[in-house]
Amino acid sequence: MKVYFIGAGPGAADLITLRGSRLLGAAPMVLYAGSLVPAEMLSHCRPDAEIHDTAELNLDQQEALYRRAQAEDKDVARLHSGDPAIYGATNEQMRRLEALGIAYEVVPGVSSFTAAAAALGSELTRPAVSQSIILTRTSGRASAVPETESIASFAAHRATMCIFLSGQRLKQTVADLALHYPPTTPVALVRRASWPDQSVHRSTLGKMLDEVKQKDWLLTTLLLVGEALSREGGVESSLYAAGFTHIFRDGDERKIKRASLRKEKQA
């Protein structure tokens with residue numbers, strides 16, 4: 001018996017990995033977070049799977065299901081939105097499984113922050129602009145953010161930031177960012193990335209609050225900020241430059257030298 005923590009991806013039913021889909025289709029018991037994972041994702045399950053929505057269950061009730069699956073020697077597929085490693089609430093489950101002597105495995109998934117970048121058609125890292133991505137969130141009732149990881153302190157780096165759960169504290173979040181980012185810094189709100197009702201709003205840090213109604217962005221919203229989101233052209237990476245050489249490709253100068261050596265040898 002084994003528990004598989006499977007990243008369900010950001011929302012679209014076809015953004016689950018092949019491995020995740022295969023394991024989901026084989027598991028006789030499935031636990032999924034119905035508040036964040038769309039019902040369409042259950043189309044990957046086997047027809048006779050026993051399915052439980054964990055949005056209605058506390059941790060003790062979930063443990064009871066793991067105990068029963070262990071007694072019946074049934075594998076369990078535990079679906080978490082996005083990637084289980086990011087705000088997945090998996091650690092407490094894993095510790096309980098270890099105490100019960102139940103083996104588990106983690107299957108990575110597509111995170112909502114990469115789905116949001118895809119919705120924007122943006123690369124989050126750009127040469128000479130930003131080579132770092134800060135993933136953070138605003139504090140919530142379920143879990144507070146440590147003071148040493150405040151949005152204001154992270155903003156001092158002026159790297160690309162992806163802020164989860166930002167909709168409910170949008171005004172304060174913008175105020176914290178404005179302590180370090182210029183008002184012209186590109187920002188974007190992405191709600192329910194990859195879902196059929198996905199919403200996107202692009203703006204700048206100084207203008208965004210005047211353009212949106214906070215009530216429209218309360219749940220499952222990511223705020224992305226940073227110069228990397230700019231549509232303007234910038235410095236191109238050297239990776240594919242004609243003169244850039246590496247072990248897999250010769251640059252123009254090296255090709256010329258090799259051609260010259262071949263001619264000398266033939267002569």
# chains A, B, ... in the order shown; residues from 1 in each chain; ligands from 1
$ select_by_dssp --residues "region 17-151 of chain A" --states "strand (DSSP E or B)" --output "list of chain:residue names"
A:Met29, A:Val30, A:Leu31, A:Tyr32, A:Glu50, A:Ile51, A:His52, A:Asp53, A:Val76, A:Ala77, A:Arg78, A:Leu79, A:His80, A:Gly82, A:Ala103, A:Tyr104, A:Glu105, A:Val106, A:Val107, A:Arg126, A:Ser130, A:Ile133, A:Ile134, A:Leu135, A:Thr136, A:Arg137
$ residues_around --residues "Pro183 (chain A)" --least-positions-apart "3" --cutoff "7 Å" --atoms "only C-alpha atoms" --output "list in words"
Ala178, Thr204, Leu205 and Gly206 of chain A
$ write_last_selection --atoms "N, CA and C atoms" --output "short mmCIF file (atom, residue, chain, number, x, y, z; two decimals), in the first residue's frame"
data_model
loop_
_atom_site.label_atom_id
_atom_site.label_comp_id
_atom_site.auth_asym_id
_atom_site.auth_seq_id
_atom_site.Cartn_x
_atom_site.Cartn_y
_atom_site.Cartn_z
N ALA A 178 5.35 49.05 -3.31
CA ALA A 178 5.68 50.42 -3.72
C ALA A 178 6.81 51.02 -2.89
N THR A 204 0.47 48.71 -14.36
CA THR A 204 1.70 49.08 -13.67
C THR A 204 1.37 49.22 -12.18
N LEU A 205 2.39 49.17 -11.37
CA LEU A 205 2.18 49.20 -9.92
C LEU A 205 1.43 50.47 -9.48
N GLY A 206 1.73 51.58 -10.12
CA GLY A 206 1.11 52.84 -9.72
C GLY A 206 -0.33 53.01 -10.18
#
$ atom_distance --atom1 "CA of Tyr4 (chain A)" --atom2 "CA of Asp75 (chain A)"
7.8 Å
$ residues_around --residues "Asp53 (chain A)" --least-positions-apart "2" --cutoff "12 Å" --atoms "only C-alpha atoms" --output "list of chain:residue names"
A:Met29, A:Val30, A:Leu31, A:Tyr32, A:Ala33, A:Gly34, A:Ser35, A:Leu36, A:Val37, A:Pro38, A:Ala39, A:Leu42, A:Glu50, A:Ile51, A:Ala55, A:Glu56, A:Leu57, A:Asn58, A:Gln61, A:Gln62, A:Leu65, A:Arg78, A:Leu79, A:His80
$ write_last_selection --atoms "C-alpha atoms" --output "PDB file, in the first residue's frame"
ATOM      1  CA  MET A  29      -8.983   5.397  -3.496  1.00  0.00           C
ATOM      2  CA  VAL A  30      -8.642   9.083  -4.403  1.00  0.00           C
ATOM      3  CA  LEU A  31      -8.519  12.085  -2.082  1.00  0.00           C
ATOM      4  CA  TYR A  32      -8.698  15.488  -3.758  1.00  0.00           C
ATOM      5  CA  ALA A  33      -9.023  19.111  -2.664  1.00  0.00           C
ATOM      6  CA  GLY A  34     -12.356  19.944  -4.278  1.00  0.00           C
ATOM      7  CA  SER A  35     -12.104  23.636  -3.425  1.00  0.00           C
ATOM      8  CA  LEU A  36      -9.054  23.983  -5.684  1.00  0.00           C
ATOM      9  CA  VAL A  37      -8.989  20.949  -7.981  1.00  0.00           C
ATOM     10  CA  PRO A  38     -11.698  20.959 -10.679  1.00  0.00           C
ATOM     11  CA  ALA A  39     -14.073  18.000 -10.906  1.00  0.00           C
ATOM     12  CA  LEU A  42     -11.461  13.175 -11.822  1.00  0.00           C
ATOM     13  CA  GLU A  50     -13.619   5.566  -4.132  1.00  0.00           C
ATOM     14  CA  ILE A  51     -13.389   9.357  -4.210  1.00  0.00           C
ATOM     15  CA  ALA A  55     -12.368  20.216   1.430  1.00  0.00           C
ATOM     16  CA  GLU A  56     -15.000  18.759   3.751  1.00  0.00           C
ATOM     17  CA  LEU A  57     -12.546  16.765   5.923  1.00  0.00           C
ATOM     18  CA  ASN A  58     -10.168  17.731   8.691  1.00  0.00           C
ATOM     19  CA  GLN A  61     -10.665  12.403   9.110  1.00  0.00           C
ATOM     20  CA  GLN A  62      -8.154  12.175   6.271  1.00  0.00           C
ATOM     21  CA  LEU A  65      -9.073   7.157   5.369  1.00  0.00           C
ATOM     22  CA  ARG A  78      -3.878  12.272  -3.030  1.00  0.00           C
ATOM     23  CA  LEU A  79      -4.517  15.128  -5.465  1.00  0.00           C
ATOM     24  CA  HIS A  80      -3.211  18.576  -4.561  1.00  0.00           C
TER      25      HIS A  80
END
$ atom_distance --atom1 "CA of Gly82 (chain A)" --atom2 "CA of Glu211 (chain A)"
28.5 Å
$ closest_residue --among "A:Ile6, A:Leu124, A:Val106, A:Ala89" --to "Gly226 (chain A)" --atoms "only C-alpha atoms"
A:Leu124
$ residues_around --residues "Arg231 (chain A)" --least-positions-apart "4" --cutoff "10 Å" --atoms "only C-alpha atoms" --output "NGL selection string"
:A and (121-122 or 186 or 227)
$ decode --residues "region 178-208 of chain A" --atoms "N, CA, C and O atoms" --output "CSV table (one decimal), in the first residue's frame"
chain,number,residue,atom,x,y,z
A,178,ALA,N,5.3,49.0,-3.3
A,178,ALA,CA,5.7,50.4,-3.7
A,178,ALA,C,6.8,51.0,-2.9
A,178,ALA,O,7.4,52.1,-3.3
A,179,LEU,N,7.2,50.4,-1.8
A,179,LEU,CA,8.3,50.9,-1.0
A,179,LEU,C,9.6,50.7,-1.8
A,179,LEU,O,10.6,51.5,-1.5
A,180,HIS,N,9.7,49.8,-2.7
A,180,HIS,CA,10.9,49.6,-3.4
A,180,HIS,C,10.8,49.6,-5.0
A,180,HIS,O,11.7,50.0,-5.6
A,181,TYR,N,9.7,49.1,-5.5
A,181,TYR,CA,9.5,49.1,-6.9
A,181,TYR,C,9.0,50.5,-7.4
A,181,TYR,O,8.1,51.0,-6.8
A,182,PRO,N,9.5,51.0,-8.5
A,182,PRO,CA,9.0,52.2,-9.1
A,182,PRO,C,7.5,52.1,-9.5
A,182,PRO,O,7.1,51.0,-9.8
A,183,PRO,N,6.7,53.1,-9.5
A,183,PRO,CA,5.3,53.1,-9.9
A,183,PRO,C,5.1,52.6,-11.4
A,183,PRO,O,4.0,52.1,-11.7
A,184,THR,N,6.1,52.7,-12.2
A,184,THR,CA,6.0,52.2,-13.6
A,184,THR,C,6.3,50.7,-13.8
A,184,THR,O,6.2,50.2,-14.9
A,185,THR,N,6.6,50.0,-12.7
A,185,THR,CA,6.9,48.6,-12.8
A,185,THR,C,5.7,47.8,-13.3
A,185,THR,O,4.6,48.0,-12.8
A,186,PRO,N,5.9,47.0,-14.3
A,186,PRO,CA,4.8,46.1,-14.8
A,186,PRO,C,4.3,45.2,-13.7
A,186,PRO,O,5.1,44.6,-13.0
A,187,VAL,N,3.0,45.1,-13.6
A,187,VAL,CA,2.3,44.1,-12.7
A,187,VAL,C,1.2,43.4,-13.5
A,187,VAL,O,0.7,43.9,-14.5
A,188,ALA,N,0.8,42.2,-13.0
A,188,ALA,CA,-0.3,41.5,-13.6
A,188,ALA,C,-1.1,40.8,-12.5
A,188,ALA,O,-0.4,40.2,-11.6
A,189,LEU,N,-2.4,40.7,-12.6
A,189,LEU,CA,-3.2,39.9,-11.8
A,189,LEU,C,-3.7,38.7,-12.7
A,189,LEU,O,-4.2,39.0,-13.8
A,190,VAL,N,-3.6,37.5,-12.2
A,190,VAL,CA,-4.1,36.4,-12.9
A,190,VAL,C,-4.9,35.6,-11.9
A,190,VAL,O,-4.5,35.1,-10.9
A,191,ARG,N,-6.2,35.4,-12.2
A,191,ARG,CA,-7.1,34.7,-11.4
A,191,ARG,C,-7.5,33.4,-12.1
A,191,ARG,O,-7.8,33.3,-13.3
A,192,ARG,N,-7.4,32.3,-11.3
A,192,ARG,CA,-7.8,30.9,-11.8
A,192,ARG,C,-7.1,30.6,-13.1
A,192,ARG,O,-7.7,30.3,-14.2
A,193,ALA,N,-5.7,30.7,-13.1
A,193,ALA,CA,-4.9,30.4,-14.2
A,193,ALA,C,-5.2,29.1,-14.8
A,193,ALA,O,-5.2,28.1,-14.1
A,194,SER,N,-5.4,29.0,-16.1
A,194,SER,CA,-5.7,27.8,-16.9
A,194,SER,C,-7.1,27.3,-16.8
A,194,SER,O,-7.5,26.4,-17.5
A,195,TRP,N,-8.0,27.8,-15.9
A,195,TRP,CA,-9.4,27.4,-15.8
A,195,TRP,C,-10.1,28.1,-17.0
A,195,TRP,O,-9.7,29.1,-17.6
A,196,PRO,N,-11.3,27.6,-17.3
A,196,PRO,CA,-12.1,28.2,-18.4
A,196,PRO,C,-12.5,29.6,-18.1
A,196,PRO,O,-12.6,30.4,-19.1
A,197,ASP,N,-12.6,30.0,-16.9
A,197,ASP,CA,-13.0,31.4,-16.5
A,197,ASP,C,-11.8,32.2,-16.1
A,197,ASP,O,-11.9,33.2,-15.3
A,198,GLN,N,-10.6,31.9,-16.6
A,198,GLN,CA,-9.4,32.6,-16.2
A,198,GLN,C,-9.5,34.1,-16.5
A,198,GLN,O,-10.1,34.5,-17.5
A,199,SER,N,-9.0,34.9,-15.6
A,199,SER,CA,-9.0,36.4,-15.8
A,199,SER,C,-7.6,36.9,-15.7
A,199,SER,O,-6.8,36.5,-14.8
A,200,VAL,N,-7.3,37.9,-16.5
A,200,VAL,CA,-6.0,38.5,-16.5
A,200,VAL,C,-6.1,40.0,-16.6
A,200,VAL,O,-6.9,40.5,-17.4
A,201,HIS,N,-5.3,40.7,-15.8
A,201,HIS,CA,-5.3,42.2,-15.9
A,201,HIS,C,-3.8,42.6,-15.8
A,201,HIS,O,-3.1,42.4,-14.8
A,202,ARG,N,-3.4,43.3,-16.8
A,202,ARG,CA,-2.0,43.9,-16.9
A,202,ARG,C,-2.1,45.3,-16.6
A,202,ARG,O,-3.0,46.0,-17.0
A,203,SER,N,-1.1,45.8,-15.9
A,203,SER,CA,-1.0,47.2,-15.6
A,203,SER,C,0.4,47.6,-15.1
A,203,SER,O,1.3,46.9,-15.3
A,204,THR,N,0.5,48.7,-14.4
A,204,THR,CA,1.7,49.1,-13.7
A,204,THR,C,1.4,49.2,-12.2
A,204,THR,O,0.2,49.4,-11.8
A,205,LEU,N,2.4,49.2,-11.4
A,205,LEU,CA,2.2,49.2,-9.9
A,205,LEU,C,1.4,50.5,-9.5
A,205,LEU,O,0.6,50.4,-8.6
A,206,GLY,N,1.7,51.6,-10.1
A,206,GLY,CA,1.1,52.8,-9.7
A,206,GLY,C,-0.3,53.0,-10.2
A,206,GLY,O,-1.1,53.8,-9.6
A,207,LYS,N,-0.8,52.3,-11.2
A,207,LYS,CA,-2.1,52.4,-11.8
A,207,LYS,C,-3.1,51.3,-11.4
A,207,LYS,O,-4.3,51.5,-11.5
A,208,MET,N,-2.6,50.2,-11.1
A,208,MET,CA,-3.5,49.0,-11.0
A,208,MET,C,-4.7,49.2,-10.1
A,208,MET,O,-5.8,48.8,-10.5
